[in-house]
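Shown next: target31.cif, given as mmCIF, C-alpha atoms and all ligand atoms.
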data_data
#
loop_
_atom_site.group_PDB
_atom_site.id
_atom_site.type_symbol
_atom_site.label_atom_id
_atom_site.label_comp_id
_atom_site.auth_asym_id
_atom_site.auth_seq_id
_atom_site.Cartn_x
_atom_site.Cartn_y
_atom_site.Cartn_z
ATOM 1 C CA MET A 414 -44.490 75.553 15.901
ATOM 2 C CA LYS A 415 -45.080 77.424 12.643
ATOM 3 C CA ILE A 416 -42.620 76.033 10.115
ATOM 4 C CA ALA A 417 -41.451 77.185 6.665
ATOM 5 C CA LEU A 418 -40.111 74.270 4.623
ATOM 6 C CA LEU A 419 -37.368 75.494 2.263
ATOM 7 C CA GLY A 420 -37.095 72.411 0.052
ATOM 8 C CA TYR A 421 -40.051 70.101 -0.304
ATOM 9 C CA GLY A 422 -38.535 66.904 -1.666
ATOM 10 C CA LYS A 423 -37.935 63.593 0.106
ATOM 11 C CA MET A 424 -36.828 65.211 3.383
ATOM 12 C CA GLY A 425 -39.206 68.195 3.317
ATOM 13 C CA GLN A 426 -42.184 65.884 2.836
ATOM 14 C CA PHE A 427 -41.038 63.448 5.536
ATOM 15 C CA ILE A 428 -40.616 66.347 7.988
ATOM 16 C CA GLU A 429 -44.044 67.706 7.068
ATOM 17 C CA GLY A 430 -45.668 64.363 7.978
ATOM 18 C CA LEU A 431 -43.967 64.206 11.387
ATOM 19 C CA ALA A 432 -44.603 67.907 12.094
ATOM 20 C CA ILE A 433 -48.335 67.743 11.348
ATOM 21 C CA ALA A 434 -48.667 64.580 13.470
ATOM 22 C CA ALA A 435 -47.039 66.514 16.341
ATOM 23 C CA GLY A 436 -49.481 69.447 15.963
ATOM 24 C CA ASP A 437 -47.108 71.831 14.169
ATOM 25 C CA GLU A 438 -48.218 73.990 11.249
ATOM 26 C CA ILE A 439 -46.495 74.261 7.864
ATOM 27 C CA VAL A 440 -46.936 77.902 6.823
ATOM 28 C CA LEU A 441 -44.782 77.873 3.657
ATOM 29 C CA LYS A 442 -43.417 75.225 1.276
ATOM 30 C CA VAL A 443 -40.725 76.148 -1.234
ATOM 31 C CA ASP A 444 -39.625 73.921 -4.086
ATOM 32 C CA GLU A 445 -38.094 74.318 -7.527
ATOM 33 C CA HIS A 446 -41.408 75.752 -8.888
ATOM 34 C CA ASN A 447 -41.933 78.725 -6.556
ATOM 35 C CA ARG A 448 -38.367 79.313 -5.326
ATOM 36 C CA ASN A 449 -37.726 82.328 -7.601
ATOM 37 C CA SER A 450 -40.793 84.214 -6.392
ATOM 38 C CA ILE A 451 -40.183 83.802 -2.646
ATOM 39 C CA ARG A 452 -39.326 86.981 -0.708
ATOM 40 C CA ALA A 453 -38.300 87.488 2.932
ATOM 41 C CA GLU A 454 -41.867 88.741 3.740
ATOM 42 C CA ASP A 455 -43.215 85.296 2.789
ATOM 43 C CA LEU A 456 -41.443 83.870 5.841
ATOM 44 C CA SER A 457 -42.923 86.426 8.243
ATOM 45 C CA SER A 458 -45.464 84.058 9.814
ATOM 46 C CA ALA A 459 -42.875 81.292 10.382
ATOM 47 C CA GLU A 460 -41.236 80.737 13.789
ATOM 48 C CA VAL A 461 -38.529 78.601 12.191
ATOM 49 C CA ALA A 462 -37.389 77.540 8.710
ATOM 50 C CA ILE A 463 -36.183 74.021 7.885
ATOM 51 C CA GLU A 464 -33.985 73.794 4.803
ATOM 52 C CA PHE A 465 -33.403 70.551 2.860
ATOM 53 C CA SER A 466 -32.938 71.603 -0.769
ATOM 54 C CA ARG A 467 -29.950 71.371 -3.119
ATOM 55 C CA PRO A 468 -26.251 72.143 -2.587
ATOM 56 C CA GLU A 469 -26.427 75.252 -4.799
ATOM 57 C CA SER A 470 -29.564 76.654 -3.062
ATOM 58 C CA ALA A 471 -28.678 76.362 0.624
ATOM 59 C CA VAL A 472 -26.715 79.600 1.041
ATOM 60 C CA ALA A 473 -29.373 81.773 -0.675
ATOM 61 C CA ASN A 474 -32.050 80.145 1.511
ATOM 62 C CA ILE A 475 -30.044 80.875 4.680
ATOM 63 C CA GLU A 476 -29.650 84.496 3.573
ATOM 64 C CA LEU A 477 -33.402 84.720 2.945
ATOM 65 C CA ALA A 478 -34.196 83.448 6.463
ATOM 66 C CA LEU A 479 -31.624 85.820 7.921
ATOM 67 C CA GLU A 480 -33.228 88.765 6.109
ATOM 68 C CA ALA A 481 -36.624 87.667 7.421
ATOM 69 C CA GLY A 482 -35.269 87.326 10.992
ATOM 70 C CA VAL A 483 -36.340 83.668 11.116
ATOM 71 C CA PRO A 484 -34.071 81.013 12.718
ATOM 72 C CA ILE A 485 -33.084 78.323 10.241
ATOM 73 C CA VAL A 486 -32.202 74.618 10.496
ATOM 74 C CA VAL A 487 -30.153 73.421 7.506
ATOM 75 C CA GLY A 488 -29.662 69.792 6.506
ATOM 76 C CA THR A 489 -28.588 70.311 2.892
ATOM 77 C CA THR A 490 -25.093 68.989 2.208
ATOM 78 C CA GLY A 491 -22.543 69.927 -0.454
ATOM 79 C CA TRP A 492 -22.237 73.630 0.502
ATOM 80 C CA LEU A 493 -20.208 73.340 3.719
ATOM 81 C CA ASN A 494 -17.069 74.917 2.220
ATOM 82 C CA GLU A 495 -19.079 78.157 2.618
ATOM 83 C CA LEU A 496 -19.999 77.461 6.255
ATOM 84 C CA GLN A 497 -17.375 79.797 7.707
ATOM 85 C CA SER A 498 -18.394 82.859 5.684
ATOM 86 C CA VAL A 499 -22.111 82.138 6.200
ATOM 87 C CA SER A 500 -21.569 81.707 9.966
ATOM 88 C CA LYS A 501 -19.875 85.119 10.134
ATOM 89 C CA LYS A 502 -22.887 86.731 8.424
ATOM 90 C CA VAL A 503 -25.323 84.983 10.765
ATOM 91 C CA THR A 504 -23.373 86.049 13.855
ATOM 92 C CA ALA A 505 -22.963 89.638 12.641
ATOM 93 C CA ALA A 506 -26.707 89.906 11.943
ATOM 94 C CA GLY A 507 -27.705 88.359 15.308
ATOM 95 C CA GLY A 508 -29.447 85.485 13.513
ATOM 96 C CA ALA A 509 -29.744 81.778 14.334
ATOM 97 C CA LEU A 510 -28.447 78.895 12.211
ATOM 98 C CA PHE A 511 -28.425 75.203 13.117
ATOM 99 C CA TRP A 512 -26.619 72.999 10.578
ATOM 100 C CA ALA A 513 -25.712 69.329 10.594
ATOM 101 C CA SER A 514 -24.419 66.967 7.942
ATOM 102 C CA ASN A 515 -26.592 64.363 9.665
ATOM 103 C CA PHE A 516 -29.424 64.998 12.152
ATOM 104 C CA SER A 517 -29.832 61.422 13.366
ATOM 105 C CA VAL A 518 -28.877 60.813 16.990
ATOM 106 C CA GLY A 519 -27.392 57.432 15.998
ATOM 107 C CA VAL A 520 -24.945 58.972 13.528
ATOM 108 C CA ASN A 521 -23.841 61.540 16.090
ATOM 109 C CA VAL A 522 -23.126 58.763 18.621
ATOM 110 C CA PHE A 523 -21.284 56.924 15.797
ATOM 111 C CA PHE A 524 -19.146 60.084 15.256
ATOM 112 C CA ALA A 525 -18.217 60.153 18.954
ATOM 113 C CA ALA A 526 -17.376 56.426 18.980
ATOM 114 C CA ALA A 527 -15.262 56.778 15.812
ATOM 115 C CA GLN A 528 -13.337 59.745 17.184
ATOM 116 C CA ARG A 529 -12.645 57.984 20.502
ATOM 117 C CA ALA A 530 -11.513 54.790 18.733
ATOM 118 C CA ALA A 531 -9.187 56.851 16.514
ATOM 119 C CA GLU A 532 -7.751 58.708 19.535
ATOM 120 C CA LEU A 533 -7.034 55.440 21.359
ATOM 121 C CA LEU A 534 -5.399 53.879 18.270
ATOM 122 C CA ASP A 535 -3.259 56.985 17.691
ATOM 123 C CA HIS A 536 -1.298 56.129 20.869
ATOM 124 C CA TYR A 537 -0.311 52.726 19.436
ATOM 125 C CA GLY A 538 0.210 53.614 15.760
ATOM 126 C CA GLY A 539 0.077 51.193 12.834
ATOM 127 C CA TYR A 540 -3.606 51.736 11.952
ATOM 128 C CA THR A 541 -4.935 53.051 8.663
ATOM 129 C CA ALA A 542 -8.425 54.515 8.215
ATOM 130 C CA GLY A 543 -10.884 54.323 5.314
ATOM 131 C CA ILE A 544 -14.541 55.311 4.916
ATOM 132 C CA GLU A 545 -17.293 53.934 2.659
ATOM 133 C CA GLU A 546 -20.615 55.709 2.171
ATOM 134 C CA ILE A 547 -23.608 54.279 0.293
ATOM 135 C CA HIS A 548 -26.648 56.344 -0.731
ATOM 136 C CA HIS A 549 -29.606 56.214 -3.145
ATOM 137 C CA THR A 550 -28.997 57.110 -6.782
ATOM 138 C CA GLN A 551 -30.793 60.507 -6.590
ATOM 139 C CA LYS A 552 -28.111 61.884 -4.281
ATOM 140 C CA LEU A 553 -26.446 64.848 -6.012
ATOM 141 C CA ASP A 554 -23.238 65.312 -4.019
ATOM 142 C CA ALA A 555 -20.202 63.195 -3.192
ATOM 143 C CA PRO A 556 -18.802 62.368 -0.791
ATOM 144 C CA SER A 557 -21.768 62.585 1.584
ATOM 145 C CA GLY A 558 -21.666 65.361 4.180
ATOM 146 C CA THR A 559 -21.754 62.679 6.875
ATOM 147 C CA ALA A 560 -18.681 60.926 5.431
ATOM 148 C CA ILE A 561 -16.806 64.252 5.433
ATOM 149 C CA THR A 562 -17.723 64.931 9.082
ATOM 150 C CA LEU A 563 -16.719 61.345 9.972
ATOM 151 C CA ALA A 564 -13.368 61.774 8.185
ATOM 152 C CA GLU A 565 -12.756 65.020 10.104
ATOM 153 C CA LYS A 566 -13.448 63.254 13.439
ATOM 154 C CA VAL A 567 -11.166 60.330 12.507
ATOM 155 C CA ALA A 568 -8.395 62.705 11.369
ATOM 156 C CA ASP A 569 -8.749 64.584 14.695
ATOM 157 C CA GLY A 570 -8.309 61.297 16.566
ATOM 158 C CA LEU A 571 -5.541 59.795 14.387
ATOM 159 C CA SER A 572 -3.831 63.182 14.244
ATOM 160 C CA GLY A 573 -0.371 61.623 13.949
ATOM 161 C CA SER A 574 -1.257 60.142 10.551
ATOM 162 C CA TYR A 575 -4.207 62.068 9.060
ATOM 163 C CA ASP A 576 -5.310 65.686 8.761
ATOM 164 C CA SER A 577 -7.672 65.767 5.768
ATOM 165 C CA TRP A 578 -9.809 63.569 3.489
ATOM 166 C CA LYS A 579 -10.085 62.725 -0.210
ATOM 167 C CA LEU A 580 -12.744 61.230 -2.477
ATOM 168 C CA ALA A 581 -11.079 57.944 -3.466
ATOM 169 C CA SER A 582 -13.811 56.622 -5.778
ATOM 170 C CA VAL A 583 -17.437 57.057 -6.809
ATOM 171 C CA ASN A 584 -19.470 54.614 -8.920
ATOM 172 C CA ALA A 585 -21.728 57.273 -10.489
ATOM 173 C CA ALA A 586 -21.382 60.322 -12.715
ATOM 174 C CA VAL A 587 -21.306 63.175 -10.192
ATOM 175 C CA PRO A 588 -20.776 66.629 -11.771
ATOM 176 C CA GLN A 589 -17.586 68.367 -10.639
ATOM 177 C CA THR A 590 -19.688 71.166 -9.060
ATOM 178 C CA HIS A 591 -21.170 68.605 -6.646
ATOM 179 C CA ILE A 592 -17.861 67.030 -5.627
ATOM 180 C CA ALA A 593 -16.857 68.604 -2.309
ATOM 181 C CA PRO A 594 -13.389 70.206 -2.454
ATOM 182 C CA ALA A 595 -10.889 68.255 -0.339
ATOM 183 C CA SER A 596 -8.051 69.978 1.517
ATOM 184 C CA ALA A 597 -4.446 68.966 0.796
ATOM 185 C CA PRO A 598 -2.652 67.001 3.553
ATOM 186 C CA LYS A 599 0.355 68.551 5.274
ATOM 187 C CA GLU A 600 3.833 67.003 5.070
ATOM 188 C CA GLY A 601 3.892 63.583 6.790
ATOM 189 C CA HIS A 602 0.091 63.268 6.837
ATOM 190 C CA GLU A 603 -2.400 61.401 4.649
ATOM 191 C CA PRO A 604 -5.990 62.201 3.660
ATOM 192 C CA VAL A 605 -8.633 59.755 4.941
ATOM 193 C CA PRO A 606 -9.888 58.058 1.730
ATOM 194 C CA ILE A 607 -13.666 58.051 1.180
ATOM 195 C CA ALA A 608 -15.299 55.639 -1.297
ATOM 196 C CA SER A 609 -18.788 56.769 -2.404
ATOM 197 C CA ARG A 610 -21.320 54.298 -3.783
ATOM 198 C CA ARG A 611 -24.771 54.988 -5.215
ATOM 199 C CA GLU A 612 -27.325 52.144 -5.009
ATOM 200 C CA GLU A 613 -31.087 52.285 -5.562
ATOM 201 C CA GLY A 614 -33.125 52.951 -2.409
ATOM 202 C CA VAL A 615 -30.356 53.207 0.246
ATOM 203 C CA PRO A 616 -31.270 55.985 2.779
ATOM 204 C CA GLY A 617 -27.673 56.319 4.071
ATOM 205 C CA THR A 618 -24.968 53.864 5.205
ATOM 206 C CA HIS A 619 -21.539 54.847 6.534
ATOM 207 C CA ILE A 620 -18.729 52.393 7.311
ATOM 208 C CA LEU A 621 -15.414 53.183 8.995
ATOM 209 C CA HIS A 622 -12.529 50.716 8.581
ATOM 210 C CA LEU A 623 -9.567 50.904 10.956
ATOM 211 C CA ASP A 624 -6.963 48.353 9.877
ATOM 212 C CA SER A 625 -3.605 47.213 11.190
ATOM 213 C CA GLU A 626 -1.414 44.235 10.362
ATOM 214 C CA VAL A 627 -2.799 42.321 13.339
ATOM 215 C CA ASP A 628 -6.508 43.172 13.249
ATOM 216 C CA SER A 629 -9.365 45.230 11.793
ATOM 217 C CA ILE A 630 -12.081 47.299 13.456
ATOM 218 C CA VAL A 631 -15.250 48.068 11.486
ATOM 219 C CA LEU A 632 -17.811 50.615 12.744
ATOM 220 C CA GLN A 633 -21.015 50.982 10.718
ATOM 221 C CA HIS A 634 -24.143 53.139 10.878
ATOM 222 C CA THR A 635 -27.099 52.095 8.720
ATOM 223 C CA ALA A 636 -30.154 54.336 8.442
ATOM 224 C CA HIS A 637 -33.256 52.149 7.943
ATOM 225 C CA SER A 638 -35.303 55.111 6.643
ATOM 226 C CA ARG A 639 -35.278 58.946 6.702
ATOM 227 C CA ALA A 640 -37.114 58.980 10.071
ATOM 228 C CA GLY A 641 -33.960 59.575 12.162
ATOM 229 C CA PHE A 642 -32.886 62.557 10.021
ATOM 230 C CA ALA A 643 -36.375 64.119 10.038
ATOM 231 C CA THR A 644 -36.947 63.625 13.780
ATOM 232 C CA GLY A 645 -33.541 65.162 14.513
ATOM 233 C CA ALA A 646 -34.230 68.176 12.291
ATOM 234 C CA LEU A 647 -37.555 68.839 14.060
ATOM 235 C CA THR A 648 -35.919 68.461 17.484
ATOM 236 C CA ALA A 649 -33.233 70.949 16.371
ATOM 237 C CA ALA A 650 -35.924 73.370 15.144
ATOM 238 C CA ARG A 651 -37.750 73.340 18.518
ATOM 239 C CA TRP A 652 -34.417 73.803 20.335
ATOM 240 C CA LEU A 653 -33.313 76.700 18.072
ATOM 241 C CA VAL A 654 -36.358 78.954 18.480
ATOM 242 C CA GLY A 655 -35.433 81.890 20.742
ATOM 243 C CA LYS A 656 -31.642 81.385 20.402
ATOM 244 C CA GLN A 657 -29.004 83.454 18.561
ATOM 245 C CA GLY A 658 -25.811 82.070 17.040
ATOM 246 C CA VAL A 659 -24.531 79.130 15.006
ATOM 247 C CA PHE A 660 -25.159 75.653 16.379
ATOM 248 C CA THR A 661 -24.817 72.010 15.446
ATOM 249 C CA MET A 662 -25.721 68.594 16.884
ATOM 250 C CA GLU A 663 -22.931 68.690 19.499
ATOM 251 C CA ASP A 664 -24.664 71.739 21.054
ATOM 252 C CA LEU A 665 -28.030 69.972 21.089
ATOM 253 C CA LEU A 666 -26.786 66.638 22.436
ATOM 254 C CA LYS A 667 -24.452 67.861 25.179
HETATM 255 N N1 LIG B 701 -28.457 66.543 7.313
HETATM 256 C C1 LIG B 701 -29.208 65.437 7.203
HETATM 257 O O1 LIG B 701 -29.513 64.756 8.205
HETATM 258 C C2 LIG B 701 -29.709 65.044 5.857
HETATM 259 C C3 LIG B 701 -29.355 65.778 4.770
HETATM 260 N N2 LIG B 701 -29.874 65.506 3.550
HETATM 261 C C4 LIG B 701 -29.533 66.450 2.489
HETATM 262 O O2 LIG B 701 -30.674 67.281 2.262
HETATM 263 C C5 LIG B 701 -30.726 67.704 0.907
HETATM 264 C C6 LIG B 701 -32.108 67.374 0.333
HETATM 265 O O3 LIG B 701 -32.324 65.991 0.346
HETATM 266 P P1 LIG B 701 -33.664 65.364 -0.263
HETATM 267 O O4 LIG B 701 -34.859 65.929 0.392
HETATM 268 O O5 LIG B 701 -33.425 63.907 -0.238
HETATM 269 O O6 LIG B 701 -33.573 65.908 -1.777
HETATM 270 P P2 LIG B 701 -34.760 66.044 -2.853
HETATM 271 O O7 LIG B 701 -34.081 66.197 -4.177
HETATM 272 O O8 LIG B 701 -35.745 64.963 -2.677
HETATM 273 O O9 LIG B 701 -35.459 67.425 -2.464
HETATM 274 C C7 LIG B 701 -34.875 68.685 -2.703
HETATM 275 C C8 LIG B 701 -35.986 69.701 -2.809
HETATM 276 O O10 LIG B 701 -35.437 71.006 -2.934
HETATM 277 C C9 LIG B 701 -36.198 71.680 -3.940
HETATM 278 N N3 LIG B 701 -35.439 72.824 -4.425
HETATM 279 C C10 LIG B 701 -34.657 72.965 -5.507
HETATM 280 N N4 LIG B 701 -34.130 74.205 -5.524
HETATM 281 C C11 LIG B 701 -34.613 74.861 -4.431
HETATM 282 C C12 LIG B 701 -34.467 76.160 -3.876
HETATM 283 N N5 LIG B 701 -33.697 77.078 -4.460
HETATM 284 N N6 LIG B 701 -35.106 76.463 -2.720
HETATM 285 C C13 LIG B 701 -35.867 75.556 -2.110
HETATM 286 N N7 LIG B 701 -36.055 74.317 -2.586
HETATM 287 C C14 LIG B 701 -35.446 73.971 -3.725
HETATM 288 C C15 LIG B 701 -36.487 70.616 -4.959
HETATM 289 O O11 LIG B 701 -37.571 71.006 -5.817
HETATM 290 P P3 LIG B 701 -37.987 70.070 -7.045
HETATM 291 O O12 LIG B 701 -38.434 68.770 -6.465
HETATM 292 O O13 LIG B 701 -39.104 70.812 -7.687
HETATM 293 O O14 LIG B 701 -36.730 69.957 -7.879
HETATM 294 C C16 LIG B 701 -36.913 69.488 -4.010
HETATM 295 O O15 LIG B 701 -38.232 69.709 -3.562
HETATM 296 C C17 LIG B 701 -29.543 67.019 0.228
HETATM 297 O O16 LIG B 701 -28.462 67.897 0.192
HETATM 298 C C18 LIG B 701 -29.213 65.845 1.148
HETATM 299 O O17 LIG B 701 -27.870 65.460 1.076
HETATM 300 C C19 LIG B 701 -30.740 64.485 3.353
HETATM 301 C C20 LIG B 701 -31.092 63.689 4.400
HETATM 302 C C21 LIG B 701 -30.591 63.899 5.745
HETATM 303 O O1 LIG B 702 -28.712 62.751 0.506
HETATM 304 C C1 LIG B 702 -29.105 62.036 1.457
HETATM 305 O O2 LIG B 702 -30.096 61.286 1.357
HETATM 306 C C2 LIG B 702 -28.383 62.118 2.739
HETATM 307 N N1 LIG B 702 -27.517 63.079 2.887
HETATM 308 C C3 LIG B 702 -26.762 63.376 4.048
HETATM 309 C C4 LIG B 702 -25.285 63.311 3.763
HETATM 310 O O3 LIG B 702 -24.854 63.758 2.685
HETATM 311 O O4 LIG B 702 -24.525 62.861 4.617
HETATM 312 C C5 LIG B 702 -27.225 62.625 5.265
HETATM 313 C C6 LIG B 702 -27.790 61.266 5.028
HETATM 314 O O5 LIG B 702 -26.758 60.341 4.942
HETATM 315 C C7 LIG B 702 -28.725 61.203 3.847
#

Rewrite the structure from the file as structure tokens, please.
Amino acid sequence: MKIALLGYGKMGQFIEGLAIAAGDEIVLKVDEHNRNSIRAEDLSSAEVAIEFSRPESAVANIELALEAGVPIVVGTTGWLNELQSVSKKVTAAGGALFWASNFSVGVNVFFAAAQRAAELLDHYGGYTAGIEEIHHTQKLDAPSGTAITLAEKVADGLSGSYDSWKLASVNAAVPQTHIAPASAPKEGHEPVPIASRREEGVPGTHILHLDSEVDSIVLQHTAHSRAGFATGALTAARWLVGKQGVFTMEDLLK
């Protein structure tokens, strides 16, 4: 596969290593230094683009790939409030977009387990939900995209009590522009609280607490490195080539 890497930081470089080992070719690398000079023609030799950049760059990079007619896999978080409008553009233009807040297979199984547990507990009532996410100190956004997706799955399952999420706390100075906007809960519903923590060197840990008066359930996913995210993004890229539409991990894993 001929790949354009839009974003060449921790994830872009990890993906490059795995891609070259698998016999793929990196035909373009975009980072902060050359991003302003990149045009759609520069993507013309790529079969697919893989985008891991910054929250404020993702939408422009998707539009660039769309203009170039190149399918794009997007892992950047912190821009997903624009997903609906971007998806409409992609569909209208006959393009291909694959996005995921987390590309690791393990996290996607964790999402399914969390949603099922929440659905089962909804029948009995009396359970509250809370999420913790821990990431390295270079992470720009809060809460993590994965924690937001997890909260949405839990709210879907515990639909009698929850219908939204809120950032309950963060132990770092995150600029307001990188705090994801939470939706307000409807009458009689609560937001799932998310506590964000930044600690040196943590690739990504997510913990779901489901508590009642009589017991507690704790479900946790711990990434040991970035390998699961990078492998998943490359698998998504291979799967996306030749398709049209907007896809995510549920489409790939079903
Ligand atoms: N969905 C998933 O599974 C995962 C998602 N992520 C998300 O991916 C994103 C990137 O993570 P990570 O690689 O750790 O971050 P890094 O900060 O290490 O890398 C970001 C890269 O993007 C570059 N960049 C800045 N602006 C642009 C632009 N306009 N176009 C292209 N590149 C640009 C930066 O350049 P420079 O270095 O010169 O500043 C840097 O090379 C984050 O949003 C993170 O949350 C991360 C892991 C997994
Ligand atoms: O910034 C990161 O590193 C990660 N970001 C994603 C997120 O916001 O959920 C995925 C993963 O947890 C690593």

If you count only C-alpha atoms and all ligand atoms, which residues end up within 8 Å of ligand LIG 702 (chain B), as a PDB file with C-alpha atoms, in the coordinates of the input?
ATOM      1  CA  GLY A 488     -29.662  69.792   6.506  1.00  0.00           C
ATOM      2  CA  THR A 489     -28.588  70.311   2.892  1.00  0.00           C
ATOM      3  CA  THR A 490     -25.093  68.989   2.208  1.00  0.00           C
ATOM      4  CA  GLY A 491     -22.543  69.927  -0.454  1.00  0.00           C
ATOM      5  CA  SER A 514     -24.419  66.967   7.942  1.00  0.00           C
ATOM      6  CA  ASN A 515     -26.592  64.363   9.665  1.00  0.00           C
ATOM      7  CA  PHE A 516     -29.424  64.998  12.152  1.00  0.00           C
ATOM      8  CA  HIS A 548     -26.648  56.344  -0.731  1.00  0.00           C
ATOM      9  CA  HIS A 549     -29.606  56.214  -3.145  1.00  0.00           C
ATOM     10  CA  GLN A 551     -30.793  60.507  -6.590  1.00  0.00           C
ATOM     11  CA  LYS A 552     -28.111  61.884  -4.281  1.00  0.00           C
ATOM     12  CA  LEU A 553     -26.446  64.848  -6.012  1.00  0.00           C
ATOM     13  CA  ASP A 554     -23.238  65.312  -4.019  1.00  0.00           C
ATOM     14  CA  ALA A 555     -20.202  63.195  -3.192  1.00  0.00           C
ATOM     15  CA  PRO A 556     -18.802  62.368  -0.791  1.00  0.00           C
ATOM     16  CA  SER A 557     -21.768  62.585   1.584  1.00  0.00           C
ATOM     17  CA  GLY A 558     -21.666  65.361   4.180  1.00  0.00           C
ATOM     18  CA  THR A 559     -21.754  62.679   6.875  1.00  0.00           C
ATOM     19  CA  ALA A 560     -18.681  60.926   5.431  1.00  0.00           C
ATOM     20  CA  ILE A 561     -16.806  64.252   5.433  1.00  0.00           C
ATOM     21  CA  PRO A 616     -31.270  55.985   2.779  1.00  0.00           C
ATOM     22  CA  GLY A 617     -27.673  56.319   4.071  1.00  0.00           C
ATOM     23  CA  THR A 618     -24.968  53.864   5.205  1.00  0.00           C
ATOM     24  CA  HIS A 619     -21.539  54.847   6.534  1.00  0.00           C
ATOM     25  CA  ALA A 636     -30.154  54.336   8.442  1.00  0.00           C
ATOM     26  CA  ARG A 639     -35.278  58.946   6.702  1.00  0.00           C
ATOM     27  CA  PHE A 642     -32.886  62.557  10.021  1.00  0.00           C
TER      28      PHE A 642
END

**Report entry** Test item: the PyMOL selection byres (((not hetatm)) within 6 of (chain B and resi 701)) resolved as a VMD selection string
**Finding:** chain A and resid 419 to 425 443 to 446 448 465 to 468 470 488 to 490 513 to 516 642

Report task. Take the point (-7.6, 59.0, 2.1) as written in the file and pick out every residue within 6 Å of it, counting all atoms listed in the file; give the list as a PyMOL selection string. Result -> chain A and resi 578-579+604-606

Query - Pick from A:Tyr575, A:Trp512, A:Thr635, A:Leu666, whichever lies nearest to Leu496 (chain A) using all atoms listed in the file - result: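 The answer is A:Trp512, which sits nearest to Leu496 (chain A).
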
Requested in this report: For the structure shown, which residues end up in the PyMOL selection byres (((chain A and resi 644) around 8) and not hetatm)? Put them as a list in words, please?
Outcome: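 Matching residues under the PyMOL selection byres (((chain A and resi 644) around 8) and not hetatm) are Ile428, Leu431, Phe516, Ser517, Ala640, Gly641, Phe642, Ala643, Gly645, Ala646, Leu647 and Thr648 of chain A.
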
Report task. Using only C-alpha atoms, find the one residue out of A:Ala453, A:Leu632, A:Ala581, A:Ala471 that sits nearest to Ala526 (chain A). Result ->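 When distances to Ala526 (chain A) are compared using only C-alpha atoms, the smallest one comes from A:Leu632.
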
Query raised in the report: How many Å lie between CA of Arg651 (chain A) and CA of Val461 (chain A), rounded to one decimal?
Result: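 CA of Val461 (chain A) lies 8.3 Å from CA of Arg651 (chain A).
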
Requested in this report: To verify the selection step, state as a PyMOL selection string which residues the PyMOL selection byres (((chain A and resi 570) around 8) and not hetatm) yields on this input.
Outcome: chain A and resi 528-533+535+566-569+571-572

**Report entry** Contacts of Gly658 (chain A) within 7 Å, all atoms listed in the file, excl. fewer than 3 positions in-chain, as a PyMOL selection string
**Finding:** chain A and resi 503-504+507-510

**Report entry** Atom-to-atom span, CA of Leu580 (chain A) and CA of Ala597 (chain A), Å
**Finding:** 11.8 Å

Query raised in the report: So, counting all atoms listed in the file, which residue among A:Ile475, A:Ala527, A:Val522, A:Ala462 is closest to Ser500 (chain A)?
Result: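 Residue with the minimum atom-to-atom distance to Ser500 (chain A): A:Ile475.
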
Could you work out an axis-aligned bounding box for all listed atoms of region 484-500 of chain A, with 4 Å added on each of the six sides, and give its centre and edge lengths in Å to one decimal, as JSON?
{"center_x": -25.6, "center_y": 75.9, "center_z": 6.1, "size_x": 25.0, "size_y": 21.9, "size_z": 21.2}

Excluding Gln633 (chain A) and residues on its chain fewer than 5 positions from it, collect all residues at most 10 Å away from it, counting all atoms listed in the file, and give them as a PDB file with C-alpha atoms, in the coordinates of the input.
ATOM      1  CA  VAL A 520     -24.945  58.972  13.528  1.00  0.00           C
ATOM      2  CA  PHE A 523     -21.284  56.924  15.797  1.00  0.00           C
ATOM      3  CA  ALA A 527     -15.262  56.778  15.812  1.00  0.00           C
ATOM      4  CA  ILE A 544     -14.541  55.311   4.916  1.00  0.00           C
ATOM      5  CA  GLU A 545     -17.293  53.934   2.659  1.00  0.00           C
ATOM      6  CA  GLU A 546     -20.615  55.709   2.171  1.00  0.00           C
ATOM      7  CA  THR A 618     -24.968  53.864   5.205  1.00  0.00           C
ATOM      8  CA  HIS A 619     -21.539  54.847   6.534  1.00  0.00           C
ATOM      9  CA  ILE A 620     -18.729  52.393   7.311  1.00  0.00           C
ATOM     10  CA  LEU A 621     -15.414  53.183   8.995  1.00  0.00           C
ATOM     11  CA  HIS A 622     -12.529  50.716   8.581  1.00  0.00           C
TER      12      HIS A 622
END

Requested in this report: Give the answer as one residue: which of A:Gly614, A:Gly519, A:Gly601, A:Gly539 has the shortest atom-to-atom distance to Asp576 (chain A), using only C-alpha atoms?
Outcome: A:Gly601

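Near Ala585 (chain A), within a cut-off of 9 Å and counting all atoms listed in the file, sit the residues Thr550, Ser609, Arg610 and Arg611 of chain A, with same-chain residues fewer than 3 positions away left out.
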
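The coordinates place CA of Leu418 (chain A) at 19.9 Å from CA of Ser638 (chain A).
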
Query raised in the report: Which is closer to Met414 (chain A) than all the others in A:Val440, A:Asp664, A:Gly482, A:Val659, using only C-alpha atoms?
Result: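 Nearest to Met414 (chain A): A:Val440.
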
**Report entry** Selected residue, from A:Ala417, A:Ala542, A:Gln426, A:Asp455, that lies nearest to Glu438 (chain A) when counting all atoms listed in the file
**Finding:**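 Of all the options, A:Ala417 lies closest to Glu438 (chain A).
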